[in-house]
>>> print(open('structure.csv').read())   # CSV, N, CA and C atoms
chain,number,residue,atom,x,y,z
A,1,MET,N,54.7,-11.1,21.7
A,1,MET,CA,53.9,-9.9,21.9
A,1,MET,C,52.6,-10.1,21.1
A,2,LEU,N,52.7,-10.6,19.9
A,2,LEU,CA,51.6,-10.7,19.0
A,2,LEU,C,50.6,-11.7,19.7
A,3,ARG,N,51.1,-12.8,20.2
A,3,ARG,CA,50.3,-13.8,20.9
A,3,ARG,C,49.6,-13.2,22.1
A,4,LEU,N,50.2,-12.4,22.9
A,4,LEU,CA,49.6,-11.7,24.0
A,4,LEU,C,48.5,-10.8,23.6
A,5,GLY,N,48.8,-10.0,22.5
A,5,GLY,CA,47.8,-9.1,22.0
A,5,GLY,C,46.5,-9.8,21.5
A,6,SER,N,46.7,-10.9,20.8
A,6,SER,CA,45.6,-11.7,20.2
A,6,SER,C,44.8,-12.3,21.3
A,7,LYS,N,45.5,-12.8,22.4
A,7,LYS,CA,44.7,-13.4,23.5
A,7,LYS,C,43.9,-12.3,24.2
A,8,ARG,N,44.5,-11.2,24.4
A,8,ARG,CA,43.7,-10.1,25.1
A,8,ARG,C,42.5,-9.7,24.3
A,9,LEU,N,42.7,-9.5,23.0
A,9,LEU,CA,41.6,-9.2,22.1
A,9,LEU,C,40.5,-10.2,22.1
A,10,LEU,N,40.9,-11.5,22.1
A,10,LEU,CA,39.9,-12.6,22.2
A,10,LEU,C,39.2,-12.6,23.5
A,11,ARG,N,39.8,-12.3,24.6
A,11,ARG,CA,39.2,-12.2,25.9
A,11,ARG,C,38.1,-11.1,25.9
A,12,GLN,N,38.5,-10.0,25.3
A,12,GLN,CA,37.6,-8.8,25.3
A,12,GLN,C,36.4,-9.1,24.4
A,13,ALA,N,36.6,-9.7,23.3
A,13,ALA,CA,35.5,-10.1,22.4
A,13,ALA,C,34.6,-11.1,23.1
A,14,THR,N,35.1,-12.1,23.8
A,14,THR,CA,34.3,-13.1,24.5
A,14,THR,C,33.5,-12.5,25.6
A,15,ALA,N,34.1,-11.6,26.4
A,15,ALA,CA,33.4,-10.9,27.5
A,15,ALA,C,32.3,-10.0,26.9
A,16,ALA,N,32.5,-9.4,25.8
A,16,ALA,CA,31.5,-8.5,25.2
A,16,ALA,C,30.3,-9.4,24.7
A,17,ALA,N,30.7,-10.5,24.1
A,17,ALA,CA,29.6,-11.4,23.6
A,17,ALA,C,28.8,-12.0,24.7
A,18,VAL,N,29.4,-12.3,25.9
A,18,VAL,CA,28.7,-12.9,27.0
A,18,VAL,C,27.8,-11.8,27.6
A,19,ALA,N,28.3,-10.5,27.7
A,19,ALA,CA,27.5,-9.5,28.3
A,19,ALA,C,26.4,-9.0,27.4
A,20,ALA,N,26.5,-9.2,26.2
A,20,ALA,CA,25.5,-8.7,25.2
A,20,ALA,C,24.2,-9.4,25.4
A,21,PRO,N,23.0,-8.7,25.4
A,21,PRO,CA,21.8,-9.4,25.5
A,21,PRO,C,21.5,-10.4,24.3
A,22,ARG,N,20.9,-11.5,24.6
A,22,ARG,CA,20.6,-12.5,23.6
A,22,ARG,C,19.4,-12.1,22.8
A,23,PRO,N,19.4,-12.3,21.5
A,23,PRO,CA,18.2,-12.0,20.7
A,23,PRO,C,17.1,-12.9,21.1
A,24,VAL,N,15.9,-12.4,21.0
A,24,VAL,CA,14.7,-13.3,21.3
A,24,VAL,C,14.4,-14.2,20.1
A,25,GLN,N,14.3,-15.4,20.4
A,25,GLN,CA,14.0,-16.4,19.3
A,25,GLN,C,12.5,-16.5,19.1
A,26,VAL,N,12.0,-16.3,17.9
A,26,VAL,CA,10.6,-16.5,17.6
A,26,VAL,C,10.4,-17.8,16.9
A,27,ALA,N,9.4,-18.5,17.3
A,27,ALA,CA,9.2,-19.8,16.6
A,27,ALA,C,8.7,-19.5,15.2
A,28,ALA,N,9.3,-20.0,14.2
A,28,ALA,CA,9.0,-19.8,12.8
A,28,ALA,C,7.7,-20.6,12.4
A,29,MET,N,6.9,-20.0,11.7
A,29,MET,CA,5.7,-20.7,11.1
A,29,MET,C,6.2,-21.5,9.9
A,30,PRO,N,5.7,-22.8,9.9
A,30,PRO,CA,6.1,-23.6,8.7
A,30,PRO,C,5.5,-23.0,7.4
A,31,ARG,N,6.2,-23.1,6.3
A,31,ARG,CA,5.7,-22.7,5.1
A,31,ARG,C,4.9,-23.8,4.5
A,32,LEU,N,3.7,-23.5,4.1
A,32,LEU,CA,2.8,-24.6,3.6
A,32,LEU,C,2.6,-24.3,2.1
A,33,TYR,N,2.9,-25.3,1.3
A,33,TYR,CA,2.7,-25.2,-0.2
A,33,TYR,C,1.5,-26.1,-0.5
A,34,HIS,N,0.8,-25.7,-1.6
A,34,HIS,CA,-0.3,-26.6,-2.1
A,34,HIS,C,0.3,-27.9,-2.5
A,35,GLU,N,-0.5,-28.9,-2.4
A,35,GLU,CA,0.0,-30.3,-2.8
A,35,GLU,C,0.4,-30.4,-4.2
A,36,ASN,N,-0.2,-29.6,-5.1
A,36,ASN,CA,0.2,-29.6,-6.5
A,36,ASN,C,1.6,-29.0,-6.7
A,37,VAL,N,2.0,-28.0,-5.9
A,37,VAL,CA,3.3,-27.5,-6.0
A,37,VAL,C,4.3,-28.5,-5.5
A,38,ILE,N,4.0,-29.2,-4.4
A,38,ILE,CA,4.9,-30.2,-3.8
A,38,ILE,C,5.1,-31.3,-4.8
A,39,ASP,N,4.0,-31.7,-5.5
A,39,ASP,CA,4.0,-32.8,-6.5
A,39,ASP,C,4.9,-32.4,-7.7
A,40,HIS,N,4.8,-31.2,-8.2
A,40,HIS,CA,5.6,-30.8,-9.3
A,40,HIS,C,7.1,-30.6,-8.9
A,41,TYR,N,7.3,-30.3,-7.6
A,41,TYR,CA,8.7,-30.2,-7.2
A,41,TYR,C,9.3,-31.6,-7.0
A,42,ASN,N,8.6,-32.5,-6.4
A,42,ASN,CA,9.1,-33.9,-6.2
A,42,ASN,C,9.2,-34.7,-7.5
A,43,ASN,N,8.2,-34.4,-8.4
A,43,ASN,CA,8.2,-35.1,-9.7
A,43,ASN,C,8.0,-34.2,-10.9
A,44,PRO,N,9.1,-33.4,-11.1
A,44,PRO,CA,9.0,-32.4,-12.2
A,44,PRO,C,8.8,-33.0,-13.6
A,45,ARG,N,7.9,-32.4,-14.4
A,45,ARG,CA,7.6,-32.9,-15.7
A,45,ARG,C,8.4,-32.1,-16.7
A,46,ASN,N,8.8,-32.8,-17.8
A,46,ASN,CA,9.4,-32.2,-19.0
A,46,ASN,C,10.7,-31.5,-18.7
A,47,VAL,N,11.5,-32.1,-17.9
A,47,VAL,CA,12.9,-31.6,-17.6
A,47,VAL,C,13.8,-32.0,-18.8
A,48,GLY,N,14.5,-31.0,-19.3
A,48,GLY,CA,15.5,-31.3,-20.4
A,48,GLY,C,15.6,-30.1,-21.3
A,49,SER,N,16.1,-30.4,-22.5
A,49,SER,CA,16.3,-29.3,-23.4
A,49,SER,C,16.2,-29.9,-24.9
A,50,PHE,N,15.8,-29.0,-25.8
A,50,PHE,CA,15.8,-29.4,-27.2
A,50,PHE,C,17.0,-28.9,-27.9
A,51,GLU,N,17.2,-29.4,-29.1
A,51,GLU,CA,18.4,-29.0,-29.9
A,51,GLU,C,18.2,-27.5,-30.2
A,52,LYS,N,19.3,-26.8,-29.9
A,52,LYS,CA,19.2,-25.3,-30.0
A,52,LYS,C,19.2,-24.8,-31.4
A,53,ASN,N,19.6,-25.6,-32.4
A,53,ASN,CA,19.7,-25.2,-33.8
A,53,ASN,C,18.4,-25.6,-34.5
A,54,ASP,N,17.4,-26.2,-33.9
A,54,ASP,CA,16.2,-26.6,-34.5
A,54,ASP,C,15.4,-25.3,-34.7
A,55,ALA,N,14.9,-25.1,-35.9
A,55,ALA,CA,14.2,-23.8,-36.3
A,55,ALA,C,12.8,-23.8,-35.6
A,56,THR,N,12.3,-24.9,-35.2
A,56,THR,CA,10.9,-24.9,-34.6
A,56,THR,C,11.0,-24.8,-33.1
A,57,VAL,N,12.2,-24.5,-32.5
A,57,VAL,CA,12.3,-24.4,-31.1
A,57,VAL,C,12.5,-23.0,-30.7
A,58,GLY,N,11.8,-22.5,-29.7
A,58,GLY,CA,11.9,-21.2,-29.1
A,58,GLY,C,12.4,-21.3,-27.7
A,59,THR,N,13.4,-20.5,-27.3
A,59,THR,CA,14.0,-20.6,-26.0
A,59,THR,C,13.8,-19.3,-25.2
A,60,GLY,N,13.4,-19.4,-24.0
A,60,GLY,CA,13.3,-18.2,-23.1
A,60,GLY,C,14.2,-18.5,-21.9
A,61,LEU,N,15.0,-17.5,-21.5
A,61,LEU,CA,15.9,-17.6,-20.3
A,61,LEU,C,15.6,-16.4,-19.4
A,62,VAL,N,15.4,-16.7,-18.1
A,62,VAL,CA,15.1,-15.6,-17.2
A,62,VAL,C,15.8,-15.9,-15.9
A,63,GLY,N,16.3,-14.9,-15.2
A,63,GLY,CA,16.9,-15.1,-13.9
A,63,GLY,C,16.3,-14.1,-12.9
A,64,ALA,N,16.3,-14.5,-11.7
A,64,ALA,CA,15.8,-13.6,-10.6
A,64,ALA,C,17.0,-13.3,-9.7
A,65,PRO,N,17.6,-12.1,-9.9
A,65,PRO,CA,18.8,-11.7,-9.1
A,65,PRO,C,18.5,-11.7,-7.6
A,66,ALA,N,17.3,-11.4,-7.1
A,66,ALA,CA,17.0,-11.3,-5.7
A,66,ALA,C,17.2,-12.7,-5.0
A,67,CYS,N,16.9,-13.8,-5.7
A,67,CYS,CA,17.0,-15.1,-5.0
A,67,CYS,C,18.0,-16.0,-5.8
A,68,GLY,N,18.5,-15.7,-6.9
A,68,GLY,CA,19.4,-16.5,-7.6
A,68,GLY,C,18.9,-17.6,-8.5
A,69,ASP,N,17.6,-17.6,-8.7
A,69,ASP,CA,17.0,-18.6,-9.6
A,69,ASP,C,17.3,-18.3,-11.1
A,70,VAL,N,17.5,-19.3,-11.9
A,70,VAL,CA,17.7,-19.2,-13.3
A,70,VAL,C,16.8,-20.3,-14.0
A,71,MET,N,16.0,-19.8,-14.9
A,71,MET,CA,15.1,-20.7,-15.6
A,71,MET,C,15.2,-20.6,-17.1
A,72,LYS,N,15.2,-21.8,-17.7
A,72,LYS,CA,15.2,-21.8,-19.2
A,72,LYS,C,14.0,-22.7,-19.6
A,73,LEU,N,13.1,-22.1,-20.4
A,73,LEU,CA,12.0,-22.8,-20.9
A,73,LEU,C,12.0,-22.8,-22.4
A,74,GLN,N,11.8,-24.0,-23.0
A,74,GLN,CA,11.8,-24.1,-24.4
A,74,GLN,C,10.5,-24.7,-24.9
A,75,ILE,N,10.1,-24.2,-26.1
A,75,ILE,CA,8.9,-24.8,-26.7
A,75,ILE,C,9.2,-25.2,-28.1
A,76,LYS,N,8.5,-26.2,-28.6
A,76,LYS,CA,8.6,-26.7,-30.0
A,76,LYS,C,7.3,-26.4,-30.6
A,77,VAL,N,7.3,-25.6,-31.7
A,77,VAL,CA,6.0,-25.2,-32.4
A,77,VAL,C,5.9,-25.8,-33.7
A,78,ASP,N,4.7,-26.3,-34.0
A,78,ASP,CA,4.4,-26.8,-35.4
A,78,ASP,C,4.2,-25.5,-36.2
A,79,GLU,N,5.1,-25.4,-37.2
A,79,GLU,CA,5.1,-24.2,-38.1
A,79,GLU,C,3.8,-24.0,-38.9
A,80,GLU,N,3.2,-25.1,-39.3
A,80,GLU,CA,2.0,-25.0,-40.1
A,80,GLU,C,0.7,-24.6,-39.2
A,81,THR,N,0.6,-25.1,-38.1
A,81,THR,CA,-0.6,-24.8,-37.3
A,81,THR,C,-0.4,-23.8,-36.2
A,82,GLY,N,0.9,-23.5,-35.8
A,82,GLY,CA,1.1,-22.6,-34.7
A,82,GLY,C,0.9,-23.2,-33.3
A,83,GLN,N,0.7,-24.5,-33.3
A,83,GLN,CA,0.4,-25.2,-32.0
A,83,GLN,C,1.8,-25.6,-31.3
A,84,ILE,N,1.8,-25.4,-30.0
A,84,ILE,CA,3.0,-25.9,-29.3
A,84,ILE,C,2.9,-27.4,-29.1
A,85,VAL,N,3.8,-28.1,-29.7
A,85,VAL,CA,3.7,-29.6,-29.7
A,85,VAL,C,4.5,-30.2,-28.5
A,86,ASP,N,5.4,-29.4,-28.0
A,86,ASP,CA,6.2,-30.0,-26.8
A,86,ASP,C,6.9,-28.8,-26.1
A,87,ALA,N,7.2,-29.0,-24.8
A,87,ALA,CA,7.8,-28.0,-24.0
A,87,ALA,C,8.7,-28.7,-23.0
A,88,CYS,N,9.8,-28.0,-22.6
A,88,CYS,CA,10.7,-28.5,-21.6
A,88,CYS,C,11.4,-27.4,-20.9
A,89,PHE,N,12.0,-27.7,-19.8
A,89,PHE,CA,12.7,-26.7,-19.0
A,89,PHE,C,13.9,-27.2,-18.2
A,90,LYS,N,14.7,-26.3,-17.9
A,90,LYS,CA,15.8,-26.5,-16.9
A,90,LYS,C,15.8,-25.3,-16.0
A,91,THR,N,15.8,-25.6,-14.7
A,91,THR,CA,15.7,-24.6,-13.7
A,91,THR,C,16.7,-24.9,-12.6
A,92,PHE,N,17.5,-23.8,-12.2
A,92,PHE,CA,18.4,-23.9,-11.1
A,92,PHE,C,17.9,-22.9,-10.1
A,93,GLY,N,17.3,-23.4,-9.0
A,93,GLY,CA,16.7,-22.5,-8.0
A,93,GLY,C,15.9,-23.3,-6.9
A,94,CYS,N,15.1,-22.5,-6.3
A,94,CYS,CA,14.3,-23.0,-5.2
A,94,CYS,C,13.2,-24.0,-5.7
A,95,GLY,N,12.6,-24.6,-4.7
A,95,GLY,CA,11.5,-25.6,-5.0
A,95,GLY,C,10.3,-25.0,-5.8
A,96,SER,N,9.9,-23.8,-5.4
A,96,SER,CA,8.8,-23.1,-6.1
A,96,SER,C,9.2,-22.8,-7.5
A,97,ALA,N,10.4,-22.4,-7.8
A,97,ALA,CA,10.8,-22.1,-9.1
A,97,ALA,C,10.8,-23.3,-10.0
A,98,ILE,N,11.3,-24.5,-9.4
A,98,ILE,CA,11.2,-25.7,-10.2
A,98,ILE,C,9.8,-26.2,-10.4
A,99,ALA,N,9.0,-26.1,-9.4
A,99,ALA,CA,7.6,-26.5,-9.6
A,99,ALA,C,6.8,-25.6,-10.6
A,100,SER,N,7.1,-24.3,-10.5
A,100,SER,CA,6.3,-23.4,-11.5
A,100,SER,C,6.8,-23.6,-12.9
A,101,SER,N,8.1,-23.9,-13.1
A,101,SER,CA,8.6,-24.2,-14.4
A,101,SER,C,7.9,-25.5,-15.0
A,102,SER,N,7.8,-26.5,-14.1
A,102,SER,CA,7.2,-27.7,-14.5
A,102,SER,C,5.7,-27.5,-14.9
A,103,VAL,N,5.0,-26.7,-14.1
A,103,VAL,CA,3.6,-26.4,-14.3
A,103,VAL,C,3.5,-25.7,-15.6
A,104,ALA,N,4.3,-24.7,-15.9
A,104,ALA,CA,4.3,-23.9,-17.1
A,104,ALA,C,4.4,-24.8,-18.4
A,105,THR,N,5.3,-25.8,-18.3
A,105,THR,CA,5.4,-26.7,-19.5
A,105,THR,C,4.1,-27.5,-19.7
A,106,GLU,N,3.5,-27.9,-18.6
A,106,GLU,CA,2.2,-28.6,-18.8
A,106,GLU,C,1.1,-27.7,-19.3
A,107,TRP,N,1.1,-26.4,-18.9
A,107,TRP,CA,0.1,-25.5,-19.4
A,107,TRP,C,0.2,-25.2,-20.9
A,108,VAL,N,1.4,-25.1,-21.4
A,108,VAL,CA,1.5,-24.6,-22.8
A,108,VAL,C,1.4,-25.7,-23.8
A,109,LYS,N,1.7,-26.9,-23.4
A,109,LYS,CA,1.6,-28.0,-24.4
A,109,LYS,C,0.2,-28.2,-25.0
A,110,GLY,N,0.2,-28.2,-26.3
A,110,GLY,CA,-1.1,-28.4,-27.0
A,110,GLY,C,-1.9,-27.2,-27.3
A,111,LYS,N,-1.4,-26.0,-26.8
A,111,LYS,CA,-2.1,-24.8,-27.0
A,111,LYS,C,-1.5,-24.0,-28.2
A,112,GLN,N,-2.3,-23.1,-28.8
A,112,GLN,CA,-1.9,-22.2,-29.8
A,112,GLN,C,-1.0,-21.1,-29.3
A,113,MET,N,-0.1,-20.6,-30.1
A,113,MET,CA,0.8,-19.5,-29.6
A,113,MET,C,0.0,-18.3,-29.1
A,114,GLN,N,-1.1,-17.9,-29.8
A,114,GLN,CA,-1.9,-16.7,-29.3
A,114,GLN,C,-2.5,-17.0,-27.9
A,115,GLU,N,-2.9,-18.2,-27.7
A,115,GLU,CA,-3.5,-18.5,-26.4
A,115,GLU,C,-2.5,-18.5,-25.3
A,116,VAL,N,-1.3,-18.9,-25.6
A,116,VAL,CA,-0.2,-18.9,-24.6
A,116,VAL,C,0.2,-17.5,-24.2
A,117,LEU,N,0.2,-16.6,-25.1
A,117,LEU,CA,0.6,-15.2,-24.9
A,117,LEU,C,-0.3,-14.5,-23.8
A,118,SER,N,-1.4,-15.1,-23.6
A,118,SER,CA,-2.3,-14.5,-22.6
A,118,SER,C,-2.0,-14.9,-21.1
A,119,ILE,N,-1.1,-15.9,-21.0
A,119,ILE,CA,-0.8,-16.4,-19.6
A,119,ILE,C,0.0,-15.3,-18.9
A,120,LYS,N,-0.4,-15.0,-17.7
A,120,LYS,CA,0.3,-14.0,-16.8
A,120,LYS,C,0.8,-14.7,-15.6
A,121,ASN,N,1.7,-14.0,-14.8
A,121,ASN,CA,2.2,-14.6,-13.6
A,121,ASN,C,1.4,-14.2,-12.4
A,122,THR,N,0.2,-13.7,-12.6
A,122,THR,CA,-0.7,-13.3,-11.5
A,122,THR,C,-1.8,-14.3,-11.3
>>> encode(input="structure.csv", output="structure tokens")
Amino acid sequence: MLRLGSKRLLRQATAAAVAAPRPVQVAAMPRLYHENVIDHYNNPRNVGSFEKNDATVGTGLVGAPACGDVMKLQIKVDEETGQIVDACFKTFGCGSAIASSSVATEWVKGKQMQEVLSIKNT
């Protein structure tokens, strides 16, 4: 009896699927990224992490719930001069998240802390 019922249900679902109008397929436009973004995705710079117990290391961790990206950026600061002497990152996410993390580490290296605080995401 169960087999007969499941076959009948499957036939009805198949008939309904065949009778339903098909959605119109629209050709998707390719996403084009700037060559620098592609380069930083293919060859990310400064991937890794510093010793978490090092007093000269600062760590930032951020996640984007909408897309599932998680980024950790670390900087190593010279305590006497306030200059960022090194930076690294680990990112789990899409290509643009990986590329932007790589670019960010390149931007901050060699800069003073006050100068870096003026960087915005716009």
>>> closest_residue(input="structure.csv", among="A:Glu35, A:Gly82, A:Gly93, A:Ser118", to="Val70 of chain A", atoms="all atoms listed in the file")
A:Gly93
>>> atom_distance(input="structure.csv", atom1="atom C of Asp78 of chain A", atom2="atom C of Gly48 of chain A")
19.3 Å
>>> residues_around(input="structure.csv", residues="Ala55 of chain A", least_positions_apart="5", cutoff="10 Å", atoms="only C-alpha atoms", output="ChimeraX atom specification")
/A:76-77,79
>>> residues_around(input="structure.csv", residues="Ile75 of chain A", least_positions_apart="6", cutoff="6 Å", atoms="all atoms listed in the file", output="MDAnalysis selection string")
chainID A and resid 56:59 86:88
>>> write_last_selection(input="structure.csv", atoms="N, CA and C atoms", output="PDB file, in the coordinates of the input")
ATOM      1  N   THR A  56      12.300 -24.900 -35.200  1.00  0.00           N
ATOM      2  CA  THR A  56      10.900 -24.900 -34.600  1.00  0.00           C
ATOM      3  C   THR A  56      11.000 -24.800 -33.100  1.00  0.00           C
ATOM      4  N   VAL A  57      12.200 -24.500 -32.500  1.00  0.00           N
ATOM      5  CA  VAL A  57      12.300 -24.400 -31.100  1.00  0.00           C
ATOM      6  C   VAL A  57      12.500 -23.000 -30.700  1.00  0.00           C
ATOM      7  N   GLY A  58      11.800 -22.500 -29.700  1.00  0.00           N
ATOM      8  CA  GLY A  58      11.900 -21.200 -29.100  1.00  0.00           C
ATOM      9  C   GLY A  58      12.400 -21.300 -27.700  1.00  0.00           C
ATOM     10  N   THR A  59      13.400 -20.500 -27.300  1.00  0.00           N
ATOM     11  CA  THR A  59      14.000 -20.600 -26.000  1.00  0.00           C
ATOM     12  C   THR A  59      13.800 -19.300 -25.200  1.00  0.00           C
ATOM     13  N   ASP A  86       5.400 -29.400 -28.000  1.00  0.00           N
ATOM     14  CA  ASP A  86       6.200 -30.000 -26.800  1.00  0.00           C
ATOM     15  C   ASP A  86       6.900 -28.800 -26.100  1.00  0.00           C
ATOM     16  N   ALA A  87       7.200 -29.000 -24.800  1.00  0.00           N
ATOM     17  CA  ALA A  87       7.800 -28.000 -24.000  1.00  0.00           C
ATOM     18  C   ALA A  87       8.700 -28.700 -23.000  1.00  0.00           C
ATOM     19  N   CYS A  88       9.800 -28.000 -22.600  1.00  0.00           N
ATOM     20  CA  CYS A  88      10.700 -28.500 -21.600  1.00  0.00           C
ATOM     21  C   CYS A  88      11.400 -27.400 -20.900  1.00  0.00           C
TER      22      CYS A  88
END
>>> residues_around(input="structure.csv", residues="His40 of chain A", least_positions_apart="3", cutoff="7 Å", atoms="all atoms listed in the file", output="JSON, numbers by chain")
{"A": [35, 36, 37, 43, 44, 45, 98, 99, 100, 102, 103]}
